[in-house]
$ cat run.pdb   # PDB, C-alpha atoms
MODEL        1
ATOM      1  CA  MET A  25      13.029 167.998-123.393
ATOM      2  CA  VAL A  26      13.054 171.507-124.883
ATOM      3  CA  ALA A  27      14.326 171.716-128.468
ATOM      4  CA  ASN A  28      18.075 171.337-128.841
ATOM      5  CA  LEU A  29      18.892 174.885-129.777
ATOM      6  CA  ASP A  30      22.460 174.412-128.608
ATOM      7  CA  GLU A  31      22.920 171.718-131.275
ATOM      8  CA  ASN A  32      21.243 173.627-134.102
ATOM      9  CA  CYS A  33      22.700 177.097-133.932
ATOM     10  CA  GLY A  34      25.826 176.272-135.915
ATOM     11  CA  THR A  35      28.649 178.755-136.230
ATOM     12  CA  GLY A  36      26.360 181.671-135.513
ATOM     13  CA  ALA A  37      25.784 180.699-131.909
ATOM     14  CA  ASN A  38      27.404 183.946-130.729
ATOM     15  CA  LYS A  39      24.964 186.197-132.548
ATOM     16  CA  PRO A  40      22.761 188.124-130.113
ATOM     17  CA  PHE A  41      19.498 186.528-131.237
ATOM     18  CA  GLN A  42      20.882 183.006-131.090
ATOM     19  CA  SER A  43      22.474 183.712-127.730
ATOM     20  CA  ALA A  44      19.067 184.813-126.489
ATOM     21  CA  GLN A  45      17.568 181.582-127.853
ATOM     22  CA  LEU A  46      20.139 179.519-126.001
ATOM     23  CA  ALA A  47      19.533 181.406-122.769
ATOM     24  CA  PHE A  48      15.777 181.078-123.234
ATOM     25  CA  ALA A  49      15.924 177.299-123.759
ATOM     26  CA  ALA A  50      18.419 176.787-120.942
ATOM     27  CA  HIS A  51      16.175 178.695-118.553
ATOM     28  CA  LEU A  52      13.133 176.640-119.530
ATOM     29  CA  ARG A  53      15.092 173.441-118.989
ATOM     30  CA  ASP A  54      16.450 174.374-115.573
ATOM     31  CA  PRO A  55      15.134 177.700-114.254
ATOM     32  CA  LEU A  56      16.748 177.207-110.844
ATOM     33  CA  VAL A  57      20.227 177.204-112.368
ATOM     34  CA  ASN A  58      19.964 179.214-115.586
ATOM     35  CA  PRO A  59      18.756 182.827-115.480
ATOM     36  CA  PRO A  60      16.302 184.050-118.126
ATOM     37  CA  PRO A  61      17.498 186.172-121.061
ATOM     38  CA  GLU A  62      18.163 189.762-120.136
ATOM     39  CA  GLY A  63      15.363 192.223-120.606
ATOM     40  CA  ILE A  64      12.437 189.801-120.234
ATOM     41  CA  GLU A  65      10.120 190.228-117.277
ATOM     42  CA  ASP A  66       9.900 187.213-115.027
ATOM     43  CA  ARG A  67       6.103 187.205-115.180
ATOM     44  CA  ARG A  68       6.374 186.696-118.938
ATOM     45  CA  MET A  69       8.950 183.954-118.573
ATOM     46  CA  ALA A  70       6.738 182.286-115.969
ATOM     47  CA  ILE A  71       4.077 181.756-118.626
ATOM     48  CA  TYR A  72       6.541 179.809-120.780
ATOM     49  CA  ARG A  73       7.994 177.917-117.811
ATOM     50  CA  GLU A  74       4.584 176.743-116.692
ATOM     51  CA  LEU A  75       3.366 175.997-120.211
ATOM     52  CA  ILE A  76       6.373 173.851-121.115
ATOM     53  CA  TYR A  77       6.536 171.950-117.857
ATOM     54  CA  ASN A  78       2.803 171.462-117.378
ATOM     55  CA  ASN A  79       2.283 170.165-120.917
ATOM     56  CA  ILE A  80       5.114 167.657-120.617
ATOM     57  CA  GLU A  81       4.135 166.588-117.108
ATOM     58  CA  SER A  82       0.498 166.150-118.106
ATOM     59  CA  PHE A  83       1.415 163.989-121.082
ATOM     60  CA  LEU A  84       3.715 161.792-119.007
ATOM     61  CA  ASN A  85       1.093 161.556-116.282
ATOM     62  CA  SER A  86      -1.429 160.146-118.753
ATOM     63  CA  GLY A  87       1.151 157.962-120.520
ATOM     64  CA  PHE A  88       2.582 156.356-117.380
ATOM     65  CA  PRO A  89      -0.357 156.195-114.956
ATOM     66  CA  VAL A  90       0.955 153.246-112.947
ATOM     67  CA  ILE A  91       4.369 154.819-112.397
ATOM     68  CA  ARG A  92       2.690 158.066-111.398
ATOM     69  CA  SER A  93       0.473 156.256-108.891
ATOM     70  CA  LEU A  94       3.497 154.692-107.194
ATOM     71  CA  MET A  95       5.358 157.942-106.589
ATOM     72  CA  THR A  96       4.869 160.807-104.215
ATOM     73  CA  ASP A  97       4.246 164.196-105.787
ATOM     74  CA  SER A  98       7.770 165.250-104.870
ATOM     75  CA  ASP A  99       9.453 162.191-106.398
ATOM     76  CA  TRP A 100       7.348 162.358-109.547
ATOM     77  CA  HIS A 101       8.034 166.023-110.205
ATOM     78  CA  GLN A 102      11.729 165.498-109.507
ATOM     79  CA  LEU A 103      11.751 162.767-112.155
ATOM     80  CA  VAL A 104       9.923 164.919-114.697
ATOM     81  CA  ARG A 105      12.146 167.918-113.924
ATOM     82  CA  GLY A 106      15.191 165.760-114.531
ATOM     83  CA  PHE A 107      13.767 164.681-117.893
ATOM     84  CA  VAL A 108      13.112 168.259-118.972
ATOM     85  CA  LYS A 109      16.527 169.389-117.759
ATOM     86  CA  ASP A 110      18.810 166.585-118.923
ATOM     87  CA  HIS A 111      17.262 164.731-121.855
ATOM     88  CA  ARG A 112      17.875 165.738-125.473
ATOM     89  CA  CYS A 113      14.859 164.675-127.500
ATOM     90  CA  HIS A 114      15.160 163.537-131.095
ATOM     91  CA  THR A 115      11.588 164.341-132.076
ATOM     92  CA  PRO A 116       9.349 167.410-131.768
ATOM     93  CA  TYR A 117       6.114 165.394-131.668
ATOM     94  CA  PHE A 118       4.121 165.221-128.458
ATOM     95  CA  LEU A 119       2.941 161.686-129.246
ATOM     96  CA  GLU A 120       6.567 160.576-129.014
ATOM     97  CA  ILE A 121       7.292 162.184-125.643
ATOM     98  CA  SER A 122       6.570 158.859-123.932
ATOM     99  CA  GLN A 123       9.225 157.130-126.015
ATOM    100  CA  GLU A 124      11.716 159.882-125.212
ATOM    101  CA  PHE A 125      10.924 159.533-121.509
ATOM    102  CA  LEU A 126      11.555 155.795-121.768
ATOM    103  CA  LEU A 127      14.897 156.476-123.461
ATOM    104  CA  TYR A 128      15.747 158.884-120.655
ATOM    105  CA  LEU A 129      15.046 156.219-118.033
ATOM    106  CA  GLN A 130      17.019 153.618-119.979
ATOM    107  CA  SER A 131      19.998 155.966-120.323
ATOM    108  CA  GLY A 132      20.704 155.784-116.594
ATOM    109  CA  SER A 133      20.489 159.563-116.202
ATOM    110  CA  ALA A 134      17.271 159.476-114.213
ATOM    111  CA  HIS A 135      17.284 159.370-110.433
ATOM    112  CA  PHE A 136      14.662 157.325-108.636
ATOM    113  CA  GLY A 137      14.646 155.385-105.422
ATOM    114  CA  ASP A 138      15.796 151.814-104.870
ATOM    115  CA  GLU A 139      12.201 150.952-104.037
ATOM    116  CA  PHE A 140      11.460 150.881-107.788
ATOM    117  CA  PRO A 141      13.898 148.317-109.258
ATOM    118  CA  PHE A 142      11.250 147.449-111.848
ATOM    119  CA  LEU A 143      10.710 151.032-113.024
ATOM    120  CA  ILE A 144      12.395 150.792-116.433
ATOM    121  CA  GLU A 145      10.566 147.595-117.347
ATOM    122  CA  LEU A 146       7.272 149.036-116.129
ATOM    123  CA  ALA A 147       7.881 152.190-118.171
ATOM    124  CA  HIS A 148       8.494 150.068-121.268
ATOM    125  CA  TYR A 149       5.279 148.137-120.667
ATOM    126  CA  GLU A 150       3.262 151.330-120.269
ATOM    127  CA  TRP A 151       4.888 152.847-123.354
ATOM    128  CA  VAL A 152       3.984 149.761-125.427
ATOM    129  CA  GLU A 153       0.302 150.385-124.738
ATOM    130  CA  LEU A 154       0.534 153.886-126.202
ATOM    131  CA  ALA A 155       2.770 152.792-129.093
ATOM    132  CA  LEU A 156       0.299 150.100-130.142
ATOM    133  CA  ASP A 157      -2.643 152.442-129.712
ATOM    134  CA  VAL A 158      -1.226 154.966-132.205
ATOM    135  CA  SER A 159       0.545 152.497-134.505
ATOM    136  CA  PRO A 160      -0.340 152.928-138.209
ATOM    137  CA  GLU A 161      -0.096 149.153-138.722
ATOM    138  CA  LYS A 162      -3.286 147.394-139.772
ATOM    139  CA  LEU A 163      -4.708 144.037-138.792
ATOM    140  CA  PRO A 164      -4.486 141.416-141.548
ATOM    141  CA  GLU A 165      -7.467 141.426-143.898
ATOM    142  CA  PRO A 166      -9.676 138.318-143.725
ATOM    143  CA  SER A 167      -8.995 136.095-146.722
ATOM    144  CA  ALA A 168     -11.822 134.549-148.724
ATOM    145  CA  ASN A 169      -9.425 131.895-149.983
ATOM    146  CA  VAL A 170      -8.762 130.209-146.637
ATOM    147  CA  ASP A 171      -9.257 126.461-146.954
ATOM    148  CA  ARG A 172     -11.324 125.705-143.851
ATOM    149  CA  SER A 173     -11.184 121.998-144.603
ATOM    150  CA  MET A 174      -7.437 121.967-143.991
ATOM    151  CA  PRO A 175      -6.441 120.972-140.447
ATOM    152  CA  LEU A 176      -5.622 124.020-138.375
ATOM    153  CA  LEU A 177      -2.085 122.859-137.653
ATOM    154  CA  ASP A 178      -1.350 122.545-141.381
ATOM    155  CA  SER A 179      -2.871 125.859-142.477
ATOM    156  CA  ASN A 180      -0.989 129.086-143.130
ATOM    157  CA  LEU A 181      -0.817 131.295-140.051
ATOM    158  CA  VAL A 182       0.473 134.845-139.697
ATOM    159  CA  ILE A 183       1.087 136.912-136.581
ATOM    160  CA  SER A 184      -0.687 140.237-136.282
ATOM    161  CA  PRO A 185       1.737 143.162-136.693
ATOM    162  CA  LEU A 186      -0.138 144.691-133.771
ATOM    163  CA  ALA A 187       0.814 141.859-131.406
ATOM    164  CA  TRP A 188       4.107 142.478-129.623
ATOM    165  CA  ARG A 189       5.871 139.679-127.773
ATOM    166  CA  LEU A 190       7.586 140.938-124.634
ATOM    167  CA  ASN A 191       9.738 139.370-121.943
ATOM    168  CA  TYR A 192      10.406 141.004-118.570
ATOM    169  CA  THR A 193      12.188 139.988-115.405
ATOM    170  CA  TYR A 194       9.367 141.547-113.343
ATOM    171  CA  PRO A 195       5.607 140.860-113.641
ATOM    172  CA  VAL A 196       4.968 144.377-114.896
ATOM    173  CA  HIS A 197       1.295 143.727-115.678
ATOM    174  CA  LYS A 198       0.646 143.080-111.970
ATOM    175  CA  ILE A 199       2.523 146.030-110.468
ATOM    176  CA  SER A 200       0.289 148.482-108.632
ATOM    177  CA  SER A 201       0.148 150.500-105.446
ATOM    178  CA  ASP A 202      -0.554 147.186-103.683
ATOM    179  CA  TYR A 203       2.182 145.133-105.350
ATOM    180  CA  GLN A 204       5.724 146.451-105.788
ATOM    181  CA  PRO A 205       8.305 143.635-105.821
ATOM    182  CA  LEU A 206      11.779 144.558-104.641
ATOM    183  CA  GLU A 207      13.311 141.480-106.257
ATOM    184  CA  ALA A 208      12.586 139.793-109.559
ATOM    185  CA  PRO A 209      10.863 136.421-109.232
ATOM    186  CA  GLY A 210      12.652 133.290-110.357
ATOM    187  CA  GLU A 211      10.661 132.972-113.582
ATOM    188  CA  PRO A 212      10.565 135.716-116.232
ATOM    189  CA  THR A 213       7.275 137.239-117.335
ATOM    190  CA  SER A 214       6.205 136.667-120.946
ATOM    191  CA  LEU A 215       3.428 138.854-122.329
ATOM    192  CA  ILE A 216       1.782 139.445-125.660
ATOM    193  CA  VAL A 217       0.387 142.966-125.806
ATOM    194  CA  TYR A 218      -1.890 143.470-128.790
ATOM    195  CA  ARG A 219      -4.492 145.675-130.405
ATOM    196  CA  GLY A 220      -7.599 143.646-131.051
ATOM    197  CA  GLU A 221     -10.446 143.844-133.531
ATOM    198  CA  ASP A 222     -12.164 146.193-131.081
ATOM    199  CA  GLU A 223      -9.207 148.625-131.440
ATOM    200  CA  ALA A 224      -8.552 148.321-127.698
ATOM    201  CA  ILE A 225      -5.206 147.288-126.206
ATOM    202  CA  HIS A 226      -5.121 143.939-124.406
ATOM    203  CA  PHE A 227      -2.460 141.728-122.881
ATOM    204  CA  PHE A 228      -2.122 137.964-122.881
ATOM    205  CA  ALA A 229      -0.031 136.282-120.202
ATOM    206  CA  SER A 230       2.102 133.820-122.138
ATOM    207  CA  ASN A 231       4.953 131.404-121.451
ATOM    208  CA  ALA A 232       8.262 130.370-122.971
ATOM    209  CA  VAL A 233       6.744 127.584-125.089
ATOM    210  CA  THR A 234       4.132 129.845-126.699
ATOM    211  CA  MET A 235       6.702 132.573-127.294
ATOM    212  CA  ARG A 236       9.008 130.084-129.009
ATOM    213  CA  LEU A 237       6.110 128.787-131.105
ATOM    214  CA  LEU A 238       5.304 132.309-132.310
ATOM    215  CA  GLN A 239       8.968 132.947-133.036
ATOM    216  CA  LEU A 240       9.041 129.892-135.314
ATOM    217  CA  LEU A 241       5.805 130.909-137.040
ATOM    218  CA  GLU A 242       7.051 134.432-137.614
ATOM    219  CA  ASP A 243       9.360 133.591-140.528
ATOM    220  CA  GLY A 244       6.582 131.822-142.447
ATOM    221  CA  GLN A 245       8.748 128.752-143.028
ATOM    222  CA  HIS A 246       6.984 126.467-140.556
ATOM    223  CA  SER A 247       3.482 125.103-140.308
ATOM    224  CA  ALA A 248       2.084 125.134-136.794
ATOM    225  CA  ARG A 249       2.499 121.369-136.631
ATOM    226  CA  ASP A 250       6.163 121.527-137.654
ATOM    227  CA  ALA A 251       6.790 124.391-135.236
ATOM    228  CA  LEU A 252       5.232 122.480-132.340
ATOM    229  CA  LEU A 253       7.210 119.353-133.160
ATOM    230  CA  GLN A 254      10.391 121.436-133.216
ATOM    231  CA  VAL A 255       9.535 122.916-129.815
ATOM    232  CA  ALA A 256       8.886 119.409-128.495
ATOM    233  CA  GLY A 257      12.302 118.352-129.764
ATOM    234  CA  GLU A 258      14.012 121.347-128.189
ATOM    235  CA  LEU A 259      12.364 120.513-124.881
ATOM    236  CA  ALA A 260      13.098 116.796-125.269
ATOM    237  CA  HIS A 261       9.408 116.254-124.524
ATOM    238  CA  PRO A 262       8.745 112.540-123.917
ATOM    239  CA  GLU A 263       5.391 112.699-125.730
ATOM    240  CA  PRO A 264       5.555 115.143-128.658
ATOM    241  CA  ASP A 265       1.985 114.371-129.737
ATOM    242  CA  VAL A 266       0.709 115.543-126.359
ATOM    243  CA  LEU A 267       2.495 118.873-126.748
ATOM    244  CA  VAL A 268       1.151 119.222-130.305
ATOM    245  CA  ALA A 269      -2.407 118.646-129.068
ATOM    246  CA  MET A 270      -1.961 121.234-126.310
ATOM    247  CA  GLY A 271      -0.418 123.619-128.806
ATOM    248  CA  GLU A 272      -3.434 123.352-131.088
ATOM    249  CA  GLY A 273      -5.625 124.618-128.260
ATOM    250  CA  ILE A 274      -3.286 127.568-127.701
ATOM    251  CA  ILE A 275      -3.267 128.392-131.415
ATOM    252  CA  GLN A 276      -7.062 128.360-131.488
ATOM    253  CA  GLN A 277      -7.089 130.767-128.548
ATOM    254  CA  LEU A 278      -4.589 133.074-130.274
ATOM    255  CA  LEU A 279      -6.781 133.077-133.387
ATOM    256  CA  GLU A 280      -9.806 134.076-131.326
ATOM    257  CA  LEU A 281      -7.804 136.920-129.760
ATOM    258  CA  SER A 282      -6.665 138.247-133.178
ATOM    259  CA  ILE A 283      -3.036 137.544-132.327
ATOM    260  CA  LEU A 284      -2.864 134.923-135.089
ATOM    261  CA  TYR A 285      -4.682 134.840-138.443
ATOM    262  CA  ARG A 286      -5.329 132.106-140.986
ATOM    263  CA  VAL A 287      -4.433 133.203-144.509
TER
ENDMDL
END
$ encode --input "run.pdb" --output "C-alpha cells"
Amino acid sequence: MVANLDENCGTGANKPFQSAQLAFAAHLRDPLVNPPPEGIEDRRMAIYRELIYNNIESFLNSGFPVIRSLMTDSDWHQLVRGFVKDHRCHTPYFLEISQEFLLYLQSGSAHFGDEFPFLIELAHYEWVELALDVSPEKLPEPSANVDRSMPLLDSNLVISPLAWRLNYTYPVHKISSDYQPLEAPGEPTSLIVYRGEDEAIHFFASNAVTMRLLQLLEDGQHSARDALLQVAGELAHPEPDVLVAMGEGIIQQLLELSILYRV
C-alpha cells in the first residue's frame, strides 16, 4: 500500500538517499521482515509504522464494515497486513484505498479462510456503496418538456448514471454475522445500487427480466414498450401483453426510486 518507491527511483536507485527511501518503504510495508534504515531510532520508526498502518486499517474498517464484522481481530489484521505488504497501489488518494483493496482481493494474493467464499463479491458490493457516494456524476435534470400525455411505455426514458446494475452469485446484500452461506444458491442475485434524490445510497433487489429491460433501455434505441415486447419474445412468453402490463408497474416503481427518468 505504501508508495512504490522501488518503481520510481529509476537508474539512481543505488544512491544513498534513494536506498534509504527504499529501506524506509520496505520496512513500513513489512516491518517483521525488513529492518529500518540504518541510523534511525526505532521509537521514531514506530511513529511512522503506526501512522501508516492505523490510517489504512481505519479506512478499510469504515469502508468494509460487513467484512470486518465477520472476521476475528487476528484474521482481519492479517488481511490488512497482507494488503499493506503485498499490494502495489496505483493511486495516492485515500478515497481510492477501498478500490485498491478490492483489486488486491481480486488478484488472488490475499489469504482468507474457506469460510468466506463470498468475500470478493461482498467486498465489491461494499465498495460500490462508497464509489457511488463519492461519484461526481449528477442525477438527470427534470425536463420541462416532458409530454405527460404520452403513455409511459412510449415516452423517452433514461437510466440514472448513479444507478449501477450488479449481478452476484451470492446474496451479498443479506450477508451478516447471522448469515454466511458456504455455497452459492441456485439463482444469482441481481441488484441495482443507486444514489437517490436524498443523496443516500439504496439498493433494489431486482431480477433477470428487469435487468434485461434496463439493458435494452440503456442504448436509447428502444421505447419501454418495444423493450418489454423484446424481452417477452426472448422468454417465449405465452402472453406478451401480460408481461408488458407487469413491466409498466416495474417502470413506474423505478421512476419513483430515481433509477429511471422521463426526458
$ atom_distance --input "run.pdb" --atom1 "CA of Ser200 in chain A" --atom2 "CA of Ile144 in chain A"
14.6 Å
$ residues_around --input "run.pdb" --residues "range 77-79 of chain A" --least-positions-apart "3" --cutoff "10 Å" --atoms "only C-alpha atoms" --output "list in words"
Met25, Val26, Leu52, Arg53, Tyr72, Arg73, Glu74, Ser82, Phe83, Leu84, Asn85, His101, Val104, Arg105, Val108 and Phe118 of chain A
$ closest_residue --input "run.pdb" --among "A:Arg67, A:Thr96, A:Asn58, A:Leu181" --to "Gln276 in chain A" --atoms "all atoms listed in the file"
A:Leu181
$ atom_distance --input "run.pdb" --atom1 "CA of Ser282 in chain A" --atom2 "CA of Gly220 in chain A"
5.9 Å
$ closest_residue --input "run.pdb" --among "A:Arg172, A:His114, A:His148, A:Arg189" --to "Thr234 in chain A" --atoms "all atoms listed in the file"
A:Arg189
$ build_atoms --input "run.pdb" --residues "range 215-250 of chain A" --atoms "N, CA and C atoms" --output "compact mmCIF listing (two decimals), keeping the file's coordinate frame"
# COMPACT_ATOMS: atom_id res chain seq x y z
N LEU A 215 4.71 138.24 -122.01
CA LEU A 215 3.43 138.85 -122.33
C LEU A 215 3.31 139.08 -123.83
N ILE A 216 2.10 138.98 -124.31
CA ILE A 216 1.78 139.44 -125.66
C ILE A 216 0.82 140.61 -125.48
N VAL A 217 1.25 141.79 -125.87
CA VAL A 217 0.39 142.97 -125.81
C VAL A 217 -0.08 143.23 -127.23
N TYR A 218 -1.37 143.40 -127.42
CA TYR A 218 -1.89 143.47 -128.79
C TYR A 218 -3.10 144.40 -128.89
N ARG A 219 -3.29 144.90 -130.10
CA ARG A 219 -4.49 145.68 -130.40
C ARG A 219 -5.47 144.75 -131.11
N GLY A 220 -6.64 144.60 -130.53
CA GLY A 220 -7.60 143.65 -131.05
C GLY A 220 -8.52 144.23 -132.11
N GLU A 221 -9.46 143.41 -132.54
CA GLU A 221 -10.45 143.84 -133.53
C GLU A 221 -11.28 145.00 -133.00
N ASP A 222 -11.39 145.11 -131.69
CA ASP A 222 -12.16 146.19 -131.08
C ASP A 222 -11.37 147.48 -130.95
N GLU A 223 -10.11 147.47 -131.48
CA GLU A 223 -9.21 148.62 -131.44
C GLU A 223 -8.72 148.95 -130.03
N ALA A 224 -9.05 148.13 -129.06
CA ALA A 224 -8.55 148.32 -127.70
C ALA A 224 -7.25 147.55 -127.52
N ILE A 225 -6.47 147.95 -126.51
CA ILE A 225 -5.21 147.29 -126.21
C ILE A 225 -5.45 146.25 -125.11
N HIS A 226 -4.96 145.04 -125.35
CA HIS A 226 -5.12 143.94 -124.41
C HIS A 226 -3.76 143.30 -124.15
N PHE A 227 -3.67 142.52 -123.09
CA PHE A 227 -2.46 141.73 -122.88
C PHE A 227 -2.83 140.28 -122.61
N PHE A 228 -1.94 139.40 -123.04
CA PHE A 228 -2.12 137.96 -122.88
C PHE A 228 -0.90 137.43 -122.15
N ALA A 229 -1.13 136.86 -120.97
CA ALA A 229 -0.03 136.28 -120.20
C ALA A 229 0.39 134.98 -120.87
N SER A 230 1.62 134.95 -121.35
CA SER A 230 2.10 133.82 -122.14
C SER A 230 3.14 133.03 -121.36
N ASN A 231 3.88 132.19 -122.07
CA ASN A 231 4.95 131.40 -121.45
C ASN A 231 6.03 131.15 -122.50
N ALA A 232 7.12 130.55 -122.08
CA ALA A 232 8.26 130.37 -122.97
C ALA A 232 7.92 129.50 -124.18
N VAL A 233 7.09 128.48 -123.98
CA VAL A 233 6.74 127.58 -125.09
C VAL A 233 5.94 128.33 -126.16
N THR A 234 4.94 129.09 -125.74
CA THR A 234 4.13 129.84 -126.70
C THR A 234 4.97 130.90 -127.41
N MET A 235 5.85 131.55 -126.68
CA MET A 235 6.70 132.57 -127.29
C MET A 235 7.62 131.95 -128.34
N ARG A 236 8.15 130.77 -128.04
CA ARG A 236 9.01 130.08 -129.01
C ARG A 236 8.20 129.65 -130.22
N LEU A 237 6.99 129.17 -130.01
CA LEU A 237 6.11 128.79 -131.10
C LEU A 237 5.87 129.97 -132.05
N LEU A 238 5.55 131.13 -131.49
CA LEU A 238 5.30 132.31 -132.31
C LEU A 238 6.57 132.75 -133.03
N GLN A 239 7.70 132.61 -132.39
CA GLN A 239 8.97 132.95 -133.04
C GLN A 239 9.19 132.08 -134.28
N LEU A 240 8.87 130.80 -134.18
CA LEU A 240 9.04 129.89 -135.31
C LEU A 240 8.02 130.19 -136.42
N LEU A 241 6.82 130.59 -136.04
CA LEU A 241 5.80 130.91 -137.04
C LEU A 241 6.08 132.23 -137.75
N GLU A 242 6.85 133.08 -137.10
CA GLU A 242 7.05 134.43 -137.61
C GLU A 242 7.69 134.45 -138.99
N ASP A 243 8.64 133.55 -139.25
CA ASP A 243 9.36 133.59 -140.53
C ASP A 243 8.57 132.98 -141.68
N GLY A 244 7.41 132.38 -141.39
CA GLY A 244 6.58 131.82 -142.45
C GLY A 244 7.10 130.54 -143.05
N GLN A 245 8.13 129.96 -142.48
CA GLN A 245 8.75 128.75 -143.03
C GLN A 245 8.25 127.48 -142.36
N HIS A 246 7.45 127.63 -141.30
CA HIS A 246 6.98 126.47 -140.56
C HIS A 246 5.46 126.45 -140.50
N SER A 247 4.89 125.26 -140.67
CA SER A 247 3.48 125.10 -140.31
C SER A 247 3.41 125.03 -138.79
N ALA A 248 2.22 125.21 -138.25
CA ALA A 248 2.08 125.13 -136.79
C ALA A 248 2.49 123.76 -136.29
N ARG A 249 2.15 122.72 -137.06
CA ARG A 249 2.50 121.37 -136.63
C ARG A 249 4.02 121.20 -136.57
N ASP A 250 4.70 121.65 -137.63
CA ASP A 250 6.16 121.53 -137.65
C ASP A 250 6.79 122.34 -136.53
